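Structure file final_5.pdb with PDB, C-alpha atoms:
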```pdb
ATOM      1  CA  MET A   1     -45.578  37.003 -47.145
ATOM      2  CA  ALA A   2     -45.519  40.771 -47.640
ATOM      3  CA  ARG A   3     -45.718  42.908 -44.521
ATOM      4  CA  ILE A   4     -47.854  46.033 -44.361
ATOM      5  CA  VAL A   5     -47.296  48.773 -41.779
ATOM      6  CA  ARG A   6     -50.292  51.077 -41.613
ATOM      7  CA  PRO A   7     -52.287  53.323 -39.260
ATOM      8  CA  PHE A   8     -54.502  51.714 -36.612
ATOM      9  CA  HIS A   9     -58.217  51.175 -37.275
ATOM     10  CA  ASP A  10     -60.886  50.247 -34.735
ATOM     11  CA  GLU A  11     -61.293  46.802 -36.284
ATOM     12  CA  ASP A  12     -57.660  46.070 -35.348
ATOM     13  CA  LEU A  13     -58.517  45.844 -31.632
ATOM     14  CA  PRO A  14     -58.920  42.023 -31.551
ATOM     15  CA  GLY A  15     -55.598  41.573 -33.339
ATOM     16  CA  ILE A  16     -53.811  43.948 -30.976
ATOM     17  CA  ARG A  17     -55.399  42.177 -28.014
ATOM     18  CA  ALA A  18     -53.990  38.871 -29.292
ATOM     19  CA  VAL A  19     -50.493  40.391 -29.453
ATOM     20  CA  MET A  20     -50.823  41.859 -25.957
ATOM     21  CA  GLU A  21     -52.155  38.672 -24.387
ATOM     22  CA  ALA A  22     -49.489  36.463 -25.974
ATOM     23  CA  SER A  23     -46.766  38.884 -24.867
ATOM     24  CA  LEU A  24     -48.168  39.078 -21.341
ATOM     25  CA  GLU A  25     -48.060  35.290 -21.055
ATOM     26  CA  LEU A  26     -44.515  34.918 -22.391
ATOM     27  CA  ASP A  27     -42.631  38.048 -21.360
ATOM     28  CA  GLY A  28     -43.719  38.520 -17.754
ATOM     29  CA  ILE A  29     -43.139  42.272 -17.754
ATOM     30  CA  PRO A  30     -43.157  43.525 -14.133
ATOM     31  CA  GLY A  31     -46.194  45.658 -13.380
ATOM     32  CA  PHE A  32     -48.005  44.764 -16.621
ATOM     33  CA  THR A  33     -51.255  42.868 -16.070
ATOM     34  CA  ALA A  34     -54.403  41.818 -17.899
ATOM     35  CA  THR A  35     -56.049  44.970 -16.556
ATOM     36  CA  ASP A  36     -53.494  47.096 -18.397
ATOM     37  CA  ILE A  37     -54.551  45.391 -21.627
ATOM     38  CA  GLU A  38     -58.156  46.424 -21.075
ATOM     39  CA  ARG A  39     -57.153  49.987 -20.203
ATOM     40  CA  ALA A  40     -55.005  50.337 -23.317
ATOM     41  CA  LEU A  41     -57.624  48.884 -25.659
ATOM     42  CA  ASP A  42     -60.358  51.086 -24.165
ATOM     43  CA  ARG A  43     -58.378  54.206 -25.037
ATOM     44  CA  LEU A  44     -57.025  53.397 -28.505
ATOM     45  CA  PRO A  45     -60.164  54.284 -30.534
ATOM     46  CA  ALA A  46     -60.122  57.827 -29.127
ATOM     47  CA  GLU A  47     -56.810  58.508 -30.901
ATOM     48  CA  PRO A  48     -57.061  56.873 -34.353
ATOM     49  CA  GLY A  49     -53.822  58.480 -35.520
ATOM     50  CA  GLY A  50     -51.890  57.530 -32.413
ATOM     51  CA  ALA A  51     -50.993  53.935 -33.274
ATOM     52  CA  ALA A  52     -49.625  51.825 -36.118
ATOM     53  CA  VAL A  53     -49.883  48.101 -36.821
ATOM     54  CA  ALA A  54     -47.812  45.589 -38.751
ATOM     55  CA  GLU A  55     -49.942  43.150 -40.710
ATOM     56  CA  VAL A  56     -49.097  39.967 -42.624
ATOM     57  CA  SER A  57     -51.795  38.233 -44.681
ATOM     58  CA  GLY A  58     -54.538  39.957 -42.697
ATOM     59  CA  THR A  59     -53.050  39.083 -39.280
ATOM     60  CA  ILE A  60     -51.814  41.743 -36.885
ATOM     61  CA  VAL A  61     -48.272  40.687 -35.957
ATOM     62  CA  GLY A  62     -47.224  43.799 -34.063
ATOM     63  CA  TYR A  63     -48.233  47.312 -33.124
ATOM     64  CA  ALA A  64     -46.786  50.587 -31.845
ATOM     65  CA  VAL A  65     -48.417  53.198 -29.596
ATOM     66  CA  PRO A  66     -45.837  55.941 -29.004
ATOM     67  CA  ARG A  67     -47.979  57.751 -26.408
ATOM     68  CA  HIS A  68     -47.796  54.570 -24.309
ATOM     69  CA  ASP A  69     -44.065  54.036 -25.049
ATOM     70  CA  ASP A  70     -45.177  50.698 -26.467
ATOM     71  CA  LEU A  71     -43.910  48.719 -29.449
ATOM     72  CA  THR A  72     -44.715  45.009 -29.267
ATOM     73  CA  VAL A  73     -44.459  42.112 -31.715
ATOM     74  CA  HIS A  74     -46.370  38.866 -31.243
ATOM     75  CA  PRO A  75     -44.026  36.186 -29.836
ATOM     76  CA  ALA A  76     -44.810  33.870 -32.753
ATOM     77  CA  HIS A  77     -43.707  36.519 -35.271
ATOM     78  CA  ARG A  78     -40.543  37.908 -33.703
ATOM     79  CA  ARG A  79     -37.094  38.117 -35.296
ATOM     80  CA  ARG A  80     -38.590  38.724 -38.743
ATOM     81  CA  GLY A  81     -38.102  42.484 -39.007
ATOM     82  CA  HIS A  82     -41.596  43.543 -37.915
ATOM     83  CA  GLY A  83     -40.295  45.578 -34.991
ATOM     84  CA  ARG A  84     -37.759  47.376 -37.177
ATOM     85  CA  ALA A  85     -40.504  48.161 -39.688
ATOM     86  CA  LEU A  86     -42.710  49.654 -36.966
ATOM     87  CA  VAL A  87     -40.063  52.029 -35.636
ATOM     88  CA  PRO A  88     -40.230  54.591 -38.513
ATOM     89  CA  ALA A  89     -44.035  54.604 -38.304
ATOM     90  CA  ALA A  90     -43.883  55.098 -34.539
ATOM     91  CA  LEU A  91     -41.366  57.919 -34.911
ATOM     92  CA  GLY A  92     -43.661  59.597 -37.423
ATOM     93  CA  ILE A  93     -46.534  59.433 -34.944
ATOM     94  CA  ALA A  94     -44.349  60.831 -32.169
ATOM     95  CA  ARG A  95     -43.349  63.746 -34.379
ATOM     96  CA  SER A  96     -46.983  64.409 -35.269
ATOM     97  CA  LEU A  97     -47.615  64.760 -31.523
ATOM     98  CA  GLY A  98     -44.873  67.368 -31.254
ATOM     99  CA  HIS A  99     -42.034  65.141 -30.011
ATOM    100  CA  ASP A 100     -38.657  64.991 -31.729
ATOM    101  CA  THR A 101     -37.727  61.640 -30.182
ATOM    102  CA  LEU A 102     -39.378  58.238 -29.866
ATOM    103  CA  LEU A 103     -39.439  56.810 -26.351
ATOM    104  CA  LEU A 104     -40.088  53.082 -25.880
ATOM    105  CA  HIS A 105     -40.342  50.920 -22.793
ATOM    106  CA  VAL A 106     -37.580  48.305 -23.055
ATOM    107  CA  PRO A 107     -37.939  45.540 -20.418
ATOM    108  CA  ALA A 108     -34.478  45.191 -18.913
ATOM    109  CA  HIS A 109     -34.969  41.465 -18.206
ATOM    110  CA  LEU A 110     -35.606  40.639 -21.871
ATOM    111  CA  GLU A 111     -32.216  40.369 -23.576
ATOM    112  CA  ALA A 112     -33.765  40.355 -27.047
ATOM    113  CA  SER A 113     -35.588  43.637 -26.359
ATOM    114  CA  VAL A 114     -32.434  45.301 -25.065
ATOM    115  CA  SER A 115     -30.445  44.091 -28.092
ATOM    116  CA  PHE A 116     -33.185  45.308 -30.438
ATOM    117  CA  ALA A 117     -33.125  48.799 -28.930
ATOM    118  CA  ARG A 118     -29.335  49.020 -29.081
ATOM    119  CA  ALA A 119     -29.198  47.811 -32.675
ATOM    120  CA  LEU A 120     -31.540  50.604 -33.743
ATOM    121  CA  GLY A 121     -29.568  53.286 -31.916
ATOM    122  CA  PHE A 122     -31.846  53.819 -28.924
ATOM    123  CA  ALA A 123     -30.191  55.170 -25.772
ATOM    124  CA  TYR A 124     -31.253  54.956 -22.127
ATOM    125  CA  HIS A 125     -33.555  57.784 -21.059
ATOM    126  CA  SER A 126     -35.150  57.112 -17.682
ATOM    127  CA  SER A 127     -36.647  54.525 -15.362
ATOM    128  CA  LEU A 128     -40.090  54.439 -13.779
ATOM    129  CA  TRP A 129     -40.928  52.698 -10.510
ATOM    130  CA  LEU A 130     -44.184  50.996  -9.567
ATOM    131  CA  PHE A 131     -44.949  51.205  -5.853
ATOM    132  CA  GLU A 132     -47.368  48.867  -4.127
ATOM    133  CA  LEU A 133     -48.890  49.201  -0.656
ATOM    134  CA  ALA A 134     -50.564  46.243   1.015
ATOM    135  CA  SER A 135     -54.254  46.815   1.695
ATOM    136  CA  ASP A 136     -53.842  46.093   5.401
ATOM    137  CA  VAL A 137     -51.286  48.872   5.980
ATOM    138  CA  ALA A 138     -52.694  51.701   8.087
ATOM    139  CA  VAL A 139     -52.234  55.157   6.576
ATOM    140  CA  PRO A 140     -53.075  58.531   8.144
ATOM    141  CA  GLY A 141     -56.057  60.478   6.921
ATOM    142  CA  PRO A 142     -55.564  63.416   4.543
ATOM    143  CA  ILE A 143     -54.675  66.836   5.952
ATOM    144  CA  TRP A 144     -55.423  69.720   3.626
ATOM    145  CA  PRO A 145     -53.911  73.210   3.801
ATOM    146  CA  ARG A 146     -56.247  75.935   4.977
ATOM    147  CA  GLY A 147     -58.111  77.656   2.217
ATOM    148  CA  TYR A 148     -58.692  74.583   0.051
ATOM    149  CA  ALA A 149     -61.626  72.242  -0.440
ATOM    150  CA  VAL A 150     -61.926  68.744  -1.889
ATOM    151  CA  ARG A 151     -64.853  67.489  -3.942
ATOM    152  CA  ALA A 152     -65.779  64.684  -6.303
ATOM    153  CA  LEU A 153     -65.596  65.281 -10.012
ATOM    154  CA  ALA A 154     -69.000  66.381 -11.272
ATOM    155  CA  ARG A 155     -70.700  64.480 -14.081
ATOM    156  CA  ASP A 156     -71.108  67.756 -15.980
ATOM    157  CA  GLU A 157     -67.543  68.889 -15.263
ATOM    158  CA  ASP A 158     -65.863  71.112 -17.846
ATOM    159  CA  LEU A 159     -63.527  68.479 -19.298
ATOM    160  CA  GLY A 160     -61.438  71.093 -21.056
ATOM    161  CA  ARG A 161     -60.506  72.578 -17.697
ATOM    162  CA  PHE A 162     -59.950  69.131 -16.172
ATOM    163  CA  VAL A 163     -57.726  67.953 -19.053
ATOM    164  CA  ALA A 164     -55.713  71.172 -18.819
ATOM    165  CA  LEU A 165     -55.081  70.408 -15.131
ATOM    166  CA  MET A 166     -54.030  66.832 -15.932
ATOM    167  CA  ASN A 167     -51.588  67.944 -18.614
ATOM    168  CA  ALA A 168     -50.117  70.736 -16.479
ATOM    169  CA  THR A 169     -49.627  68.302 -13.593
ATOM    170  CA  PHE A 170     -47.564  65.924 -15.748
ATOM    171  CA  ALA A 171     -45.790  68.549 -17.864
ATOM    172  CA  ASP A 172     -42.379  67.681 -16.369
ATOM    173  CA  HIS A 173     -42.876  63.912 -16.375
ATOM    174  CA  PRO A 174     -39.806  61.955 -17.596
ATOM    175  CA  THR A 175     -41.800  60.660 -20.544
ATOM    176  CA  PRO A 176     -44.330  62.727 -22.529
ATOM    177  CA  VAL A 177     -47.540  62.123 -20.585
ATOM    178  CA  ALA A 178     -50.503  64.006 -22.004
ATOM    179  CA  TRP A 179     -54.210  63.510 -22.557
ATOM    180  CA  THR A 180     -56.714  64.849 -25.046
ATOM    181  CA  GLU A 181     -60.339  65.683 -24.419
ATOM    182  CA  ALA A 182     -61.248  62.855 -26.803
ATOM    183  CA  VAL A 183     -59.452  60.278 -24.647
ATOM    184  CA  VAL A 184     -60.856  61.598 -21.368
ATOM    185  CA  THR A 185     -64.374  61.824 -22.819
ATOM    186  CA  ARG A 186     -64.148  58.203 -23.956
ATOM    187  CA  VAL A 187     -62.846  56.995 -20.584
ATOM    188  CA  HIS A 188     -65.564  58.900 -18.725
ATOM    189  CA  GLY A 189     -68.139  57.227 -20.944
ATOM    190  CA  LEU A 190     -67.048  53.678 -20.076
ATOM    191  CA  ALA A 191     -69.291  51.526 -17.912
ATOM    192  CA  THR A 192     -66.427  51.086 -15.437
ATOM    193  CA  PHE A 193     -66.003  54.837 -14.845
ATOM    194  CA  ASP A 194     -67.503  56.476 -11.764
ATOM    195  CA  PRO A 195     -66.852  60.223 -11.313
ATOM    196  CA  LYS A 196     -66.927  59.703  -7.547
ATOM    197  CA  ASP A 197     -63.573  57.906  -7.950
ATOM    198  CA  VAL A 198     -61.993  61.233  -8.927
ATOM    199  CA  ARG A 199     -61.322  63.963  -6.357
ATOM    200  CA  VAL A 200     -60.323  67.493  -7.257
ATOM    201  CA  VAL A 201     -58.885  70.201  -5.026
ATOM    202  CA  THR A 202     -60.039  73.809  -5.373
ATOM    203  CA  PRO A 203     -59.526  77.044  -3.427
ATOM    204  CA  ASP A 204     -62.323  77.839  -0.994
ATOM    205  CA  GLY A 205     -65.154  79.661  -2.737
ATOM    206  CA  ARG A 206     -63.760  78.903  -6.212
ATOM    207  CA  PRO A 207     -65.056  75.399  -7.024
ATOM    208  CA  ASP A 208     -64.226  75.714 -10.729
ATOM    209  CA  ASP A 209     -60.556  76.601 -10.173
ATOM    210  CA  LEU A 210     -58.942  73.143 -10.237
ATOM    211  CA  VAL A 211     -55.479  72.920  -8.669
ATOM    212  CA  ALA A 212     -55.009  69.181  -7.987
ATOM    213  CA  PHE A 213     -56.673  65.834  -8.627
ATOM    214  CA  THR A 214     -56.447  62.136  -7.868
ATOM    215  CA  ARG A 215     -58.184  59.083  -9.264
ATOM    216  CA  VAL A 216     -58.612  55.711  -7.598
ATOM    217  CA  GLU A 217     -59.377  52.638  -9.686
ATOM    218  CA  ILE A 218     -60.229  49.233  -8.264
ATOM    219  CA  TRP A 219     -59.626  46.351 -10.640
ATOM    220  CA  ASN A 220     -59.860  42.621 -10.097
ATOM    221  CA  GLU A 221     -57.346  40.635 -12.088
ATOM    222  CA  PRO A 222     -58.480  37.268 -13.477
ATOM    223  CA  GLY A 223     -58.458  34.795 -10.614
ATOM    224  CA  ASP A 224     -58.713  37.484  -7.905
ATOM    225  CA  GLU A 225     -61.432  37.295  -5.304
ATOM    226  CA  PRO A 226     -64.189  39.831  -6.101
TER     227      PRO A 226
END
```
Is it possible to express this structure as structure tokens?
Amino acid sequence: MARIVRPFHDEDLPGIRAVMEASLELDGIPGFTATDIERALDRLPAEPGGAAVAEVSGTIVGYAVPRHDDLTVHPAHRRRGHGRALVPAALGIARSLGHDTLLLHVPAHLEASVSFARALGFAYHSSLWLFELASDVAVPGPIWPRGYAVRALARDEDLGRFVALMNATFADHPTPVAWTEAVVTRVHGLATFDPKDVRVVTPDGRPDDLVAFTRVEIWNEPGDEP
């Protein structure tokens, strides 16, 4: 059957979900959970030009989202060239975002993924660590420098200013981490979003001058106690 590699459309979400869920079950990537699937799918429609899919006879067999360092092929369709076909499309998307290289997460415990990356000329770039803290560990309360105040994100916050802060904060991240107003607007419009979960730091008397932020999300994985 002929393979088509094309830009992502909103109607591709169920097919991409099927690829993600099958890969989650088989690959066991550390730190990747069912919640991450929901987060990724929630954000994709806000960036229609940010992803590509590989399709065979109307079935999504793989996808690439360069901004997420993600290129994944459905386990039932691997070793048929779909991943190789997605790489040029992913590189084109990366270049359209202003990047001259394509960065992909390559799970070190999956020999086939490592071999795939090497065969296509990819080289090691960096590693990211996921830190976990048990909920029963006591931590000290926050201590803020004099001259600064902390407040919740306002529902009518200037998102342009907030997105600029986010992007400046992660400007020197090992991988290109950046957000657009379209993505942030979509996330803030989700039923799961509560602006009280975001705290911003401002100088005293200048509540619109954002200098730092944090966001806390509480997710229950399938099977967790509510």
Residues matched by the PyMOL selection byres ((chain A and resi 147) around 6) as JSON, numbers by chain
{"A": [146, 148, 203, 204]}
Quick one: residues within 8 Å of Ala182 in chain A, only C-alpha atoms counted, chain neighbours fewer than 4 positions away excluded, as an mmCIF file with C-alpha atoms, in the frame of the given file?
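Okay, part-v2.cif is ready:
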```
data_model
loop_
_atom_site.group_PDB
_atom_site.id
_atom_site.type_symbol
_atom_site.label_atom_id
_atom_site.label_comp_id
_atom_site.auth_asym_id
_atom_site.auth_seq_id
_atom_site.Cartn_x
_atom_site.Cartn_y
_atom_site.Cartn_z
ATOM 1 C CA ALA A 46 -60.122 57.827 -29.127
ATOM 2 C CA GLU A 47 -56.810 58.508 -30.901
ATOM 3 C CA ARG A 186 -64.148 58.203 -23.956
#
```
Open item on the list: I'd like the neighbourhood of range 2-17 of chain A as a PyMOL selection string, where a residue qualifies if any of its atoms comes within 8 Å (using only C-alpha atoms), though same-chain residues fewer than 5 positions away should be ignored.
Closed with: chain A and resi 37+41+44-45+48-57+59-63+82+85-86+89
Expressed in Å, the length from CA of Ser127 in chain A to CA of Phe213 in chain A is 24.0 Å
Give me the residues near Ile29 in chain A as a list of chain:residue names, where near means some atom within 9 Å (using all atoms listed in the file) and where sequence neighbours in that chain fewer than 6 positions away do not count.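 My list of contacting residues is A:Ser23, A:Pro107, A:His109, A:Leu110.
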So how far away is CA of Phe170 in chain A from CA of Asp197 in chain A, in Å?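 Distance between the two atoms: 19.5 Å.
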- Give the answer as one residue: which of A:His125, A:His74, A:His68, A:Arg79 has the shortest atom-to-atom distance to Leu26 in chain A, using only C-alpha atoms?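 The closest residue to Leu26 in chain A is A:His74.
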| task | Identify all residues satisfying the PyMOL selection byres ((chain A and resi 152) around 9) in the given file; provide them as a list in words. | result |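 Selected by the PyMOL selection byres ((chain A and resi 152) around 9) here: Val150, Arg151, Leu153, Ala154, Pro195, Lys196, Asp197, Val198, Arg199, Val200 and Val201 of chain A.
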CA of Pro176 in chain A to CA of Arg67 in chain A measures 7.3 Å
- Which of these residues is nearest to Glu111 in chain A, using all atoms listed in the file: A:Thr192, A:Asp209, A:Asp27, A:Asn167?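 With all atoms listed in the file as the atom set, the closest residue is A:Asp27.
Remark: for Asp156 in chain A, the closest of the candidate residues A:His188, A:Arg39, A:His173, A:His99 is A:His188 (distances computed over all atoms listed in the file).
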Query - Test item: the PyMOL selection byres ((chain A and resi 126) around 10) resolved as a ChimeraX atom specification - result: /A:103,105,123-125,127-128,174-175
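When only C-alpha atoms are used to compute distances to Arg118 in chain A, the closest of the residues A:Ala138, A:Leu104, A:Ala149, A:Leu130 turns out to be A:Leu104.
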**Prompt:** Given the choices A:Ala112, A:Met20, A:Val177, A:Val73, which gets closest to Val163 in chain A if the distance is worked out from all atoms listed in the file?
**Reply:**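 For Val163 in chain A, the nearest of the given residues is A:Val177.
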Residues near Leu165 in chain A, cut-off 8 Å, all atoms listed in the file, skip fewer than 3 positions along chain, as a count of residues only: 7
Fill-in result for range 66-81 of chain A, N, CA and C atoms as an mmCIF file, in the coordinates of the input:
```
data_model
loop_
_atom_site.group_PDB
_atom_site.id
_atom_site.type_symbol
_atom_site.label_atom_id
_atom_site.label_comp_id
_atom_site.auth_asym_id
_atom_site.auth_seq_id
_atom_site.Cartn_x
_atom_site.Cartn_y
_atom_site.Cartn_z
ATOM 1 N N PRO A 66 -46.865 55.093 -29.604
ATOM 2 C CA PRO A 66 -45.837 55.941 -29.004
ATOM 3 C C PRO A 66 -46.278 56.637 -27.714
ATOM 4 N N ARG A 67 -47.542 57.046 -27.622
ATOM 5 C CA ARG A 67 -47.979 57.751 -26.408
ATOM 6 C C ARG A 67 -47.906 56.850 -25.188
ATOM 7 N N HIS A 68 -47.931 55.535 -25.402
ATOM 8 C CA HIS A 68 -47.796 54.570 -24.309
ATOM 9 C C HIS A 68 -46.377 53.996 -24.226
ATOM 10 N N ASP A 69 -45.456 54.546 -24.996
ATOM 11 C CA ASP A 69 -44.065 54.036 -25.049
ATOM 12 C C ASP A 69 -44.043 52.551 -25.407
ATOM 13 N N ASP A 70 -44.960 52.125 -26.250
ATOM 14 C CA ASP A 70 -45.177 50.698 -26.467
ATOM 15 C C ASP A 70 -44.983 50.311 -27.927
ATOM 16 N N LEU A 71 -44.063 49.371 -28.154
ATOM 17 C CA LEU A 71 -43.910 48.719 -29.449
ATOM 18 C C LEU A 71 -43.748 47.233 -29.158
ATOM 19 N N THR A 72 -44.696 46.433 -29.611
ATOM 20 C CA THR A 72 -44.715 45.009 -29.267
ATOM 21 C C THR A 72 -44.988 44.171 -30.500
ATOM 22 N N VAL A 73 -44.256 43.076 -30.628
ATOM 23 C CA VAL A 73 -44.459 42.112 -31.715
ATOM 24 C C VAL A 73 -44.912 40.798 -31.093
ATOM 25 N N HIS A 74 -45.863 40.152 -31.731
ATOM 26 C CA HIS A 74 -46.370 38.866 -31.243
ATOM 27 C C HIS A 74 -45.213 37.871 -31.130
ATOM 28 N N PRO A 75 -45.136 37.131 -30.023
ATOM 29 C CA PRO A 75 -44.026 36.186 -29.836
ATOM 30 C C PRO A 75 -43.832 35.214 -30.995
ATOM 31 N N ALA A 76 -44.922 34.824 -31.652
ATOM 32 C CA ALA A 76 -44.810 33.870 -32.753
ATOM 33 C C ALA A 76 -44.284 34.497 -34.034
ATOM 34 N N HIS A 77 -44.128 35.829 -34.044
ATOM 35 C CA HIS A 77 -43.707 36.519 -35.271
ATOM 36 C C HIS A 77 -42.456 37.369 -35.052
ATOM 37 N N ARG A 78 -41.726 37.104 -33.992
ATOM 38 C CA ARG A 78 -40.543 37.908 -33.703
ATOM 39 C C ARG A 78 -39.344 37.467 -34.545
ATOM 40 N N ARG A 79 -38.344 38.357 -34.579
ATOM 41 C CA ARG A 79 -37.094 38.117 -35.296
ATOM 42 C C ARG A 79 -37.330 37.981 -36.814
ATOM 43 N N ARG A 80 -38.314 38.723 -37.304
ATOM 44 C CA ARG A 80 -38.590 38.724 -38.743
ATOM 45 C C ARG A 80 -38.628 40.147 -39.308
ATOM 46 N N GLY A 81 -38.179 41.110 -38.529
ATOM 47 C CA GLY A 81 -38.102 42.484 -39.007
ATOM 48 C C GLY A 81 -39.337 43.324 -38.771
#
```
